file structure17.cif (mmCIF, C-alpha atoms)
data_start
#
loop_
_atom_site.label_atom_id
_atom_site.label_comp_id
_atom_site.auth_asym_id
_atom_site.auth_seq_id
_atom_site.Cartn_x
_atom_site.Cartn_y
_atom_site.Cartn_z
CA LEU S 27 52.84 14.97 17.64
CA SER S 28 52.68 18.32 19.40
CA PRO S 29 52.45 18.64 23.21
CA PRO S 30 49.53 20.59 24.66
CA LYS S 31 49.98 23.59 26.95
CA MET S 32 51.04 22.64 30.49
CA ALA S 33 53.62 23.48 33.15
CA ASP S 34 57.12 24.02 31.74
CA GLU S 35 58.63 21.00 33.51
CA GLU S 36 55.81 18.67 32.47
CA SER S 37 55.91 20.08 28.94
CA LYS S 38 59.63 19.32 28.66
CA LYS S 39 59.07 15.75 29.82
CA LEU S 40 56.23 15.27 27.33
CA THR S 41 58.28 16.75 24.49
CA ALA S 42 61.16 14.40 25.33
CA ALA S 43 58.80 11.42 25.47
CA LEU S 44 57.25 12.33 22.10
CA ASN S 45 60.72 12.72 20.58
CA VAL S 46 61.52 9.19 21.74
CA MET S 47 58.28 7.86 20.25
CA ARG S 48 59.05 9.52 16.90
CA ARG S 49 62.12 7.30 16.63
CA MET S 50 60.36 4.05 17.48
CA ALA S 51 59.36 1.60 14.75
CA PRO S 52 55.57 1.16 14.40
CA SER S 53 56.00 -2.58 14.98
CA THR S 54 57.26 -1.89 18.53
CA ILE S 55 55.34 1.31 19.28
CA GLU S 56 52.83 -0.32 21.64
CA ASN S 57 55.56 -1.80 23.86
CA SER S 58 57.52 1.47 23.74
CA LEU S 59 54.44 3.49 24.69
CA ALA S 60 53.60 1.12 27.55
CA GLY S 61 57.15 1.50 28.86
CA LEU S 62 56.98 5.32 28.76
CA CYS S 63 53.59 5.31 30.49
CA GLU S 64 55.08 3.16 33.23
CA LEU S 65 58.05 5.53 33.62
CA THR S 66 55.89 8.69 33.60
CA PRO S 67 52.38 7.73 34.78
CA ASN S 68 51.37 11.40 35.11
CA LEU S 69 51.81 11.80 31.34
CA THR S 70 49.80 8.71 30.39
CA ASP S 71 46.72 10.56 29.10
CA ASP S 72 48.79 13.06 27.10
CA LEU S 73 50.90 10.29 25.56
CA LEU S 74 47.87 8.22 24.60
CA ASN S 75 46.24 11.28 23.01
CA ASN S 76 49.32 12.38 21.07
CA VAL S 77 50.94 9.14 19.90
CA ASP S 78 49.55 7.35 16.83
CA GLN S 79 49.22 3.63 17.48
CA PRO S 80 48.57 0.73 15.10
CA LEU S 81 44.86 0.36 14.34
CA LYS S 82 42.85 -2.49 15.84
CA VAL S 83 39.92 -4.39 14.34
CA GLU S 84 36.83 -5.57 16.27
CA MET S 85 33.74 -7.56 15.31
CA ASP S 86 30.28 -5.99 15.05
CA GLU S 87 28.14 -8.87 16.31
CA ALA S 88 24.92 -7.18 15.15
CA ALA S 89 25.99 -6.54 11.55
CA GLN S 90 28.49 -9.44 11.44
CA LYS S 91 31.14 -7.15 9.98
CA LYS S 92 34.51 -6.06 11.31
CA PHE S 93 35.25 -2.41 12.07
CA ILE S 94 38.31 -0.37 13.05
CA THR S 95 38.66 1.14 16.50
CA CYS S 96 40.13 4.56 17.27
CA ASP S 97 39.64 7.56 19.59
CA TYR S 98 36.83 8.90 17.39
CA ASN S 99 34.49 5.94 18.02
CA ARG S 100 35.53 5.26 21.60
CA ASP S 101 33.49 5.79 24.75
CA GLY S 102 35.30 4.45 27.80
CA ASP S 103 36.25 0.86 27.00
CA SER S 104 33.59 0.51 24.29
CA PHE S 105 33.81 1.23 20.57
CA ARG S 106 30.97 2.20 18.24
CA SER S 107 30.60 0.30 14.97
CA PRO S 108 29.80 2.37 11.85
CA TRP S 109 27.76 -0.53 10.45
CA SER S 110 25.13 -0.93 13.18
CA ASN S 111 25.79 2.26 15.18
CA LYS S 112 26.09 0.10 18.32
CA TYR S 113 28.85 -0.03 20.93
CA PHE S 114 30.89 -3.18 21.61
CA PRO S 115 30.98 -4.07 24.40
CA GLU S 116 27.69 -2.35 25.22
CA ALA S 117 28.17 1.18 26.55
CA ASP S 118 26.13 3.04 29.17
CA SER S 119 23.14 5.25 28.37
CA GLU S 120 25.28 8.41 28.23
CA ALA S 121 27.43 7.16 25.35
CA LEU S 122 27.91 9.59 22.46
CA TYR S 123 26.26 9.07 19.08
CA PRO S 124 26.39 11.20 15.91
CA SER S 125 23.38 13.39 15.05
CA LYS S 126 20.91 12.29 12.38
CA TYR S 127 22.64 14.53 9.81
CA LEU S 128 26.14 13.25 10.60
CA ARG S 129 24.95 9.65 10.85
CA GLN S 130 23.54 9.78 7.31
CA LEU S 131 26.84 11.15 6.04
CA GLU S 132 28.62 8.38 7.97
CA VAL S 133 26.48 5.62 6.46
CA ASP S 134 27.04 6.88 2.91
CA ALA S 135 30.77 7.41 3.51
CA ASN S 136 31.27 3.85 4.79
CA ALA S 137 29.53 2.39 1.74
CA ILE S 138 31.72 4.45 -0.61
CA PHE S 139 34.96 3.88 1.31
CA ASP S 140 34.35 0.12 1.38
CA VAL S 141 34.39 0.13 -2.44
CA TYR S 142 37.58 2.26 -2.41
CA ARG S 143 39.20 -0.22 -0.01
CA LYS S 144 38.39 -3.20 -2.22
CA LEU S 145 39.79 -1.46 -5.33
CA TYR S 146 43.06 -0.25 -3.78
CA PHE S 147 43.81 -2.66 -0.91
CA GLU S 148 41.95 -5.88 -1.85
CA GLY S 149 41.90 -8.82 0.59
CA GLY S 150 42.93 -8.68 4.24
CA SER S 151 41.84 -5.04 4.54
CA TYR S 152 39.16 -3.24 6.54
CA SER S 153 37.73 0.29 6.43
CA SER S 154 35.68 2.48 8.75
CA VAL S 155 34.51 6.11 8.64
CA TYR S 156 33.33 8.13 11.64
CA PHE S 157 31.69 11.56 11.68
CA PHE S 158 31.62 13.67 14.82
CA SER S 159 30.81 17.13 16.16
CA ILE S 160 33.63 19.59 16.81
CA GLU S 161 33.96 22.12 19.60
CA GLY S 162 32.99 25.67 18.76
CA SER S 163 30.48 24.74 16.07
CA SER S 164 26.82 25.20 17.05
CA ASP S 165 25.53 24.11 13.63
CA GLU S 166 26.79 20.68 12.52
CA LYS S 167 25.94 21.48 8.92
CA LYS S 168 28.50 24.29 9.01
CA GLY S 169 31.26 22.53 10.94
CA PHE S 170 32.07 18.91 11.73
CA GLY S 171 34.88 16.36 11.78
CA ALA S 172 35.40 13.03 10.04
CA CYS S 173 37.91 10.21 10.40
CA TRP S 174 38.51 7.78 7.51
CA LEU S 175 40.46 4.62 8.40
CA ILE S 176 41.95 1.68 6.52
CA HIS S 177 43.82 -1.26 7.99
CA LYS S 178 45.40 -4.01 5.88
CA ASP S 179 47.17 -7.15 7.07
CA VAL S 180 49.71 -8.44 4.55
CA ASP S 181 49.41 -12.17 3.93
CA SER S 182 52.58 -14.13 4.65
CA THR S 183 52.60 -15.76 1.22
CA GLU S 184 56.36 -15.42 0.88
CA GLU S 185 58.54 -17.69 3.00
CA ASP S 186 60.66 -14.81 4.30
CA LEU S 187 57.76 -12.47 5.17
CA LYS S 188 56.87 -13.04 8.81
CA LYS S 189 54.19 -10.33 9.13
CA GLY S 190 53.22 -6.97 7.71
CA TRP S 191 50.48 -4.33 7.87
CA TRP S 192 49.44 -0.93 6.52
CA ASP S 193 47.40 1.67 8.44
CA SER S 194 45.92 4.83 6.91
CA THR S 195 44.24 7.48 9.07
CA HIS S 196 42.69 10.55 7.43
CA VAL S 197 41.16 13.13 9.77
CA PHE S 198 39.14 16.07 8.41
CA GLN S 199 38.00 19.27 10.01
CA VAL S 200 35.31 20.83 7.83
CA SER S 201 34.24 24.42 8.39
CA HIS S 202 31.83 26.68 6.53
CA VAL S 203 33.33 29.71 4.73
CA LYS S 204 30.41 31.30 2.90
CA GLY S 205 27.50 30.25 0.73
CA GLU S 206 28.23 26.72 -0.51
CA THR S 207 31.98 27.04 0.11
CA TYR S 208 33.74 25.02 2.82
CA GLU S 209 37.31 24.63 4.05
CA TYR S 210 38.60 21.07 4.40
CA LYS S 211 41.65 20.60 6.63
CA LEU S 212 43.11 17.12 6.18
CA THR S 213 45.70 15.42 8.39
CA SER S 214 46.84 12.03 7.07
CA THR S 215 49.00 9.48 8.85
CA VAL S 216 50.29 6.27 7.31
CA MET S 217 52.05 3.57 9.32
CA ILE S 218 53.68 0.61 7.61
CA SER S 219 55.50 -2.42 8.96
CA MET S 220 57.15 -5.42 7.29
CA VAL S 221 59.07 -8.01 9.28
CA MET S 222 61.28 -10.25 7.15
CA GLU S 223 63.02 -13.33 8.48
CA ASP S 224 64.96 -16.25 6.95
CA SER S 225 68.07 -18.29 7.62
CA LYS S 226 70.33 -16.15 5.39
CA LEU S 227 68.98 -12.68 6.17
CA GLY S 228 68.10 -13.20 9.80
CA SER S 229 65.46 -10.79 11.09
CA CYS S 230 64.82 -7.45 9.37
CA ASP S 231 62.16 -4.96 10.52
CA LEU S 232 61.25 -2.39 7.85
CA SER S 233 58.80 -0.06 9.61
CA GLY S 234 57.99 3.63 9.64
CA SER S 235 55.29 6.27 9.68
CA MET S 236 54.53 9.44 7.76
CA ASN S 237 52.29 12.43 8.49
CA LYS S 238 51.07 14.94 5.92
CA GLN S 239 48.65 17.86 6.04
CA LYS S 240 46.66 19.64 3.37
CA SER S 241 43.94 22.29 3.32
CA GLU S 242 41.58 23.06 0.44
CA THR S 243 38.61 25.38 0.00
CA LEU S 244 35.95 23.68 -2.12
CA THR S 245 32.32 24.24 -3.05
CA LEU S 246 29.21 22.08 -3.01
CA SER S 247 27.39 21.97 -6.31
CA LYS S 248 24.41 19.83 -7.29
CA THR S 249 24.97 20.59 -10.99
CA LYS S 250 28.58 19.39 -10.82
CA GLY S 251 27.68 16.49 -8.54
CA THR S 252 29.99 17.59 -5.74
CA ASN S 253 29.19 17.20 -2.05
CA HIS S 254 31.13 16.70 1.18
CA LEU S 255 31.85 13.04 0.46
CA VAL S 256 33.08 13.72 -3.07
CA ASN S 257 35.34 16.55 -1.87
CA MET S 258 36.80 14.54 0.99
CA GLY S 259 37.15 11.37 -1.07
CA THR S 260 39.06 13.19 -3.81
CA MET S 261 41.45 14.68 -1.27
CA ILE S 262 42.02 11.27 0.34
CA GLU S 263 42.76 9.59 -2.99
CA LYS S 264 45.30 12.27 -3.93
CA MET S 265 46.92 12.12 -0.49
CA ASP S 266 47.13 8.31 -0.60
CA ASP S 267 48.85 8.46 -4.00
CA ARG S 268 51.27 11.11 -2.75
CA ILE S 269 52.19 9.21 0.41
CA ARG S 270 52.51 5.90 -1.43
CA ALA S 271 54.94 7.48 -3.93
CA ILE S 272 57.04 8.96 -1.12
CA ILE S 273 57.13 5.63 0.73
CA MET S 274 58.24 3.84 -2.42
CA GLU S 275 61.05 6.37 -2.80
CA ILE S 276 62.15 6.31 0.83
CA TYR S 277 61.72 2.65 1.73
CA PHE S 278 62.81 1.00 -1.48
CA SER S 279 64.89 3.36 -3.66
CA LYS S 280 66.77 4.80 -0.68
CA THR S 281 67.35 1.35 0.82
CA ARG S 282 68.74 0.11 -2.49
CA GLN S 283 70.99 3.17 -2.70
CA ILE S 284 72.37 2.54 0.79
CA VAL S 285 72.99 -1.15 0.06
CA ASP S 286 74.73 -0.28 -3.21
CA GLY S 287 76.90 2.18 -1.30
CA MET S 288 77.91 -0.51 1.18
CA ARG S 289 78.63 -3.19 -1.43
CA LEU S 290 78.80 -2.22 -5.08
CA THR S 291 77.67 -4.64 -7.77
CA SER S 292 80.16 -5.45 -10.53
CA GLY S 293 78.63 -2.97 -12.98
CA ALA S 294 78.43 -0.19 -10.41
CA ARG S 295 81.96 -0.99 -9.22
CA ASN S 296 83.32 -0.72 -12.76
CA ARG S 297 81.60 2.63 -13.27
CA GLN S 298 83.03 3.83 -9.97
CA MET S 299 86.54 2.76 -10.98
CA ASP S 300 86.16 4.53 -14.33
CA LYS S 301 85.24 7.74 -12.52
CA ILE S 302 88.28 7.39 -10.23
CA ALA S 303 90.55 6.75 -13.22
CA ALA S 304 89.18 9.79 -15.06
CA SER S 305 89.72 11.95 -11.97
CA LEU S 306 93.32 10.74 -11.69
CA LYS S 307 93.97 11.53 -15.36
CA ASP S 308 92.60 15.04 -14.93
CA ALA S 309 94.76 15.51 -11.85
CA LEU S 310 97.88 14.36 -13.75
CA LYS S 311 97.14 16.72 -16.63
CA GLN S 312 96.78 19.62 -14.21
CA SER S 313 100.08 18.74 -12.49
CA LYS S 314 101.97 18.73 -15.84
CA LYS S 315 100.84 22.23 -16.75
#
call {"tool": "encode", "arguments": {"input": "structure17.cif", "output": "structure tokens"}}
result
Amino acid sequence: LSPPKMADEESKKLTAALNVMRRMAPSTIENSLAGLCELTPNLTDDLLNNVDQPLKVEMDEAAQKKFITCDYNRDGDSFRSPWSNKYFPEADSEALYPSKYLRQLEVDANAIFDVYRKLYFEGGSYSSVYFFSIEGSSDEKKGFGACWLIHKDVDSTEEDLKKGWWDSTHVFQVSHVKGETYEYKLTSTVMISMVMEDSKLGSCDLSGSMNKQKSETLTLSKTKGTNHLVNMGTMIEKMDDRIRAIIMEIYFSKTRQIVDGMRLTSGARNRQMDKIAASLKDALKQSKK
């Protein structure tokens, strides 16, 4: 979340608003964003462009498949489906579509990513991939962008789980370096939310987001079987594993550590008392010398 260039006063307001949004839980981010837009209507466009929101899913009536909506497949109030390449609701004649080259990459990427989604996220999940032109690149084969999305709704199979979801957004900027070598700049954002509720616990909202960036220079090789989709897919898989490991450490290990610090279990309490007793003995020995 970085504010664009603007007047100093407006920039300060936008920076303050983005700082507020950084501290909001993903489960309440839509209400928080709506409130800020109401307070500062002149910053509405900048806030909408700079704040990551939970992903939404729409139905492609032509292909009878669901797809994920985002800024990269939006034209006005319509969203383009990667399955049929049509807008829903129907857009005007000036709506943007990917070129033939990018559309073929998009079709292949969606087929591959759908398999990845089924293997790693299973039921209740949806995936979409969008390819698009980038400013400053006259040749789309030497420079383009791609957005890979996954949304998963967590089934409320447990009595105390009220709702939960996982959103992954991977945005690439691909630029030609030389020969068959390209630079891949990846920005990944993961948003997670779990709302727990029962008579003993009450209501507990465990939500958060994480943003990571990575850049790699890779080559295309027919002999090695590498192409743009292989290079991007490999980077996404590594980034997903990295973010998942960090989330496990932060959300679960850290939470357990905090709870143990607030109320020690019997075993931990005994170990703590042993440490205190040993410290007292050392202090007594030092005082006798």
call {"tool": "closest_residue", "arguments": {"input": "structure17.cif", "among": "S:Glu64, S:Asp193, S:Glu275, S:Glu223", "to": "S:Lys82", "atoms": "only C-alpha atoms"}}
result
S:Asp193
call {"tool": "resolve_selection", "arguments": {"input": "structure17.cif", "expression": "the PyMOL selection byres ((chain S and resi 173) around 8)", "output": "list in words"}}
result
Tyr98, Val155, Tyr156, Phe157, Gly171, Ala172, Trp174, Leu175, Thr195, His196, Val197 and Phe198 of chain S
call {"tool": "atom_distance", "arguments": {"input": "structure17.cif", "atom1": "atom CA of S:Lys248", "atom2": "atom CA of S:Phe170"}}
result
20.5 Å
call {"tool": "atom_distance", "arguments": {"input": "structure17.cif", "atom1": "atom CA of S:Asp103", "atom2": "atom CA of S:Gln79"}}
result
16.3 Å
call {"tool": "resolve_selection", "arguments": {"input": "structure17.cif", "expression": "the PyMOL selection byres ((chain S and resi 129-139) around 8)", "output": "PyMOL selection string"}}
result
chain S and resi 108-109+124-128+140-143+153-157+255
call {"tool": "write_last_selection", "arguments": {"input": "structure17.cif", "atoms": "C-alpha atoms", "output": "compact mmCIF listing (two decimals), in the frame of the given file"}}
result
# COMPACT_ATOMS: atom_id res chain seq x y z
CA PRO S 108 29.80 2.37 11.85
CA TRP S 109 27.76 -0.53 10.45
CA PRO S 124 26.39 11.20 15.91
CA SER S 125 23.38 13.39 15.05
CA LYS S 126 20.91 12.29 12.38
CA TYR S 127 22.64 14.53 9.81
CA LEU S 128 26.14 13.25 10.60
CA ASP S 140 34.35 0.12 1.38
CA VAL S 141 34.39 0.13 -2.44
CA TYR S 142 37.58 2.26 -2.41
CA ARG S 143 39.20 -0.22 -0.01
CA SER S 153 37.73 0.29 6.43
CA SER S 154 35.68 2.48 8.75
CA VAL S 155 34.51 6.11 8.64
CA TYR S 156 33.33 8.13 11.64
CA PHE S 157 31.69 11.56 11.68
CA LEU S 255 31.85 13.04 0.46
call {"tool": "atom_distance", "arguments": {"input": "structure17.cif", "atom1": "atom CA of S:Gly205", "atom2": "atom CA of S:Leu246"}}
result
9.1 Å
call {"tool": "closest_residue", "arguments": {"input": "structure17.cif", "among": "S:Glu161, S:Trp192, S:Tyr146, S:Tyr208", "to": "S:Asp267", "atoms": "only C-alpha atoms"}}
result
S:Tyr146
call {"tool": "closest_residue", "arguments": {"input": "structure17.cif", "among": "S:Lys264, S:Arg48, S:Lys112, S:Lys211", "to": "S:Asp86", "atoms": "all atoms listed in the file"}}
result
S:Lys112
call {"tool": "decode", "arguments": {"input": "structure17.cif", "residues": "stretch 244-275 of chain S", "atoms": "N, CA and C atoms", "output": "mmCIF file, in the first residue's frame"}}
result
data_model
loop_
_atom_site.group_PDB
_atom_site.id
_atom_site.type_symbol
_atom_site.label_atom_id
_atom_site.label_comp_id
_atom_site.auth_asym_id
_atom_site.auth_seq_id
_atom_site.Cartn_x
_atom_site.Cartn_y
_atom_site.Cartn_z
ATOM 1 N N LEU S 244 14.721 -15.403 -15.489
ATOM 2 C CA LEU S 244 14.668 -16.791 -15.941
ATOM 3 C C LEU S 244 14.660 -16.840 -17.471
ATOM 4 N N THR S 245 14.973 -18.016 -17.988
ATOM 5 C CA THR S 245 15.039 -18.171 -19.450
ATOM 6 C C THR S 245 13.934 -19.092 -19.942
ATOM 7 N N LEU S 246 13.621 -18.960 -21.222
ATOM 8 C CA LEU S 246 12.690 -19.859 -21.893
ATOM 9 C C LEU S 246 13.505 -20.861 -22.688
ATOM 10 N N SER S 247 13.196 -22.132 -22.526
ATOM 11 C CA SER S 247 13.973 -23.162 -23.207
ATOM 12 C C SER S 247 13.066 -24.314 -23.618
ATOM 13 N N LYS S 248 12.986 -24.568 -24.906
ATOM 14 C CA LYS S 248 12.171 -25.683 -25.396
ATOM 15 C C LYS S 248 12.776 -27.027 -24.997
ATOM 16 N N THR S 249 14.113 -27.102 -24.958
ATOM 17 C CA THR S 249 14.773 -28.368 -24.597
ATOM 18 C C THR S 249 14.528 -28.723 -23.138
ATOM 19 N N LYS S 250 14.475 -27.702 -22.276
ATOM 20 C CA LYS S 250 14.234 -27.937 -20.850
ATOM 21 C C LYS S 250 12.743 -27.900 -20.510
ATOM 22 N N GLY S 251 11.921 -27.566 -21.494
ATOM 23 C CA GLY S 251 10.482 -27.538 -21.269
ATOM 24 C C GLY S 251 10.020 -26.369 -20.428
ATOM 25 N N THR S 252 10.761 -25.263 -20.459
ATOM 26 C CA THR S 252 10.375 -24.091 -19.675
ATOM 27 C C THR S 252 9.764 -23.032 -20.588
ATOM 28 N N ASN S 253 8.699 -22.417 -20.110
ATOM 29 C CA ASN S 253 8.058 -21.310 -20.797
ATOM 30 C C ASN S 253 7.542 -20.330 -19.751
ATOM 31 N N HIS S 254 6.804 -19.326 -20.171
ATOM 32 C CA HIS S 254 6.318 -18.321 -19.218
ATOM 33 C C HIS S 254 5.460 -18.952 -18.123
ATOM 34 N N LEU S 255 4.589 -19.861 -18.497
ATOM 35 C CA LEU S 255 3.681 -20.463 -17.516
ATOM 36 C C LEU S 255 4.430 -21.330 -16.512
ATOM 37 N N VAL S 256 5.423 -22.059 -16.970
ATOM 38 C CA VAL S 256 6.232 -22.878 -16.063
ATOM 39 C C VAL S 256 6.998 -21.986 -15.096
ATOM 40 N N ASN S 257 7.609 -20.928 -15.613
ATOM 41 C CA ASN S 257 8.389 -20.027 -14.755
ATOM 42 C C ASN S 257 7.511 -19.346 -13.717
ATOM 43 N N MET S 258 6.366 -18.841 -14.152
ATOM 44 C CA MET S 258 5.471 -18.165 -13.209
ATOM 45 C C MET S 258 4.864 -19.157 -12.219
ATOM 46 N N GLY S 259 4.467 -20.319 -12.704
ATOM 47 C CA GLY S 259 3.872 -21.317 -11.819
ATOM 48 C C GLY S 259 4.828 -21.781 -10.737
ATOM 49 N N THR S 260 6.092 -21.961 -11.090
ATOM 50 C CA THR S 260 7.104 -22.374 -10.104
ATOM 51 C C THR S 260 7.291 -21.307 -9.037
ATOM 52 N N MET S 261 7.322 -20.036 -9.461
ATOM 53 C CA MET S 261 7.470 -18.948 -8.497
ATOM 54 C C MET S 261 6.266 -18.858 -7.569
ATOM 55 N N ILE S 262 5.058 -19.069 -8.112
ATOM 56 C CA ILE S 262 3.846 -19.021 -7.288
ATOM 57 C C ILE S 262 3.846 -20.142 -6.253
ATOM 58 N N GLU S 263 4.210 -21.338 -6.668
ATOM 59 C CA GLU S 263 4.217 -22.474 -5.745
ATOM 60 C C GLU S 263 5.200 -22.244 -4.594
ATOM 61 N N LYS S 264 6.384 -21.728 -4.915
ATOM 62 C CA LYS S 264 7.369 -21.444 -3.866
ATOM 63 C C LYS S 264 6.883 -20.340 -2.933
ATOM 64 N N MET S 265 6.259 -19.296 -3.515
ATOM 65 C CA MET S 265 5.764 -18.193 -2.703
ATOM 66 C C MET S 265 4.621 -18.644 -1.809
ATOM 67 N N ASP S 266 3.717 -19.479 -2.334
ATOM 68 C CA ASP S 266 2.615 -20.004 -1.527
ATOM 69 C C ASP S 266 3.131 -20.803 -0.338
ATOM 70 N N ASP S 267 4.138 -21.651 -0.576
ATOM 71 C CA ASP S 267 4.720 -22.444 0.508
ATOM 72 C C ASP S 267 5.366 -21.544 1.557
ATOM 73 N N ARG S 268 6.058 -20.515 1.094
ATOM 74 C CA ARG S 268 6.731 -19.587 2.006
ATOM 75 C C ARG S 268 5.723 -18.840 2.873
ATOM 76 N N ILE S 269 4.678 -18.305 2.237
ATOM 77 C CA ILE S 269 3.676 -17.542 2.981
ATOM 78 C C ILE S 269 2.906 -18.440 3.930
ATOM 79 N N ARG S 270 2.584 -19.657 3.489
ATOM 80 C CA ARG S 270 1.843 -20.582 4.348
ATOM 81 C C ARG S 270 2.651 -20.925 5.602
ATOM 82 N N ALA S 271 3.962 -21.110 5.445
ATOM 83 C CA ALA S 271 4.818 -21.421 6.590
ATOM 84 C C ALA S 271 4.867 -20.245 7.564
ATOM 85 N N ILE S 272 4.956 -19.031 7.024
ATOM 86 C CA ILE S 272 4.997 -17.840 7.884
ATOM 87 C C ILE S 272 3.688 -17.672 8.636
ATOM 88 N N ILE S 273 2.561 -17.905 7.936
ATOM 89 C CA ILE S 273 1.255 -17.774 8.585
ATOM 90 C C ILE S 273 1.098 -18.800 9.698
ATOM 91 N N MET S 274 1.550 -20.015 9.450
ATOM 92 C CA MET S 274 1.494 -21.043 10.492
ATOM 93 C C MET S 274 2.274 -20.614 11.721
ATOM 94 N N GLU S 275 3.439 -19.991 11.487
ATOM 95 C CA GLU S 275 4.279 -19.548 12.601
ATOM 96 C C GLU S 275 3.647 -18.385 13.342
#
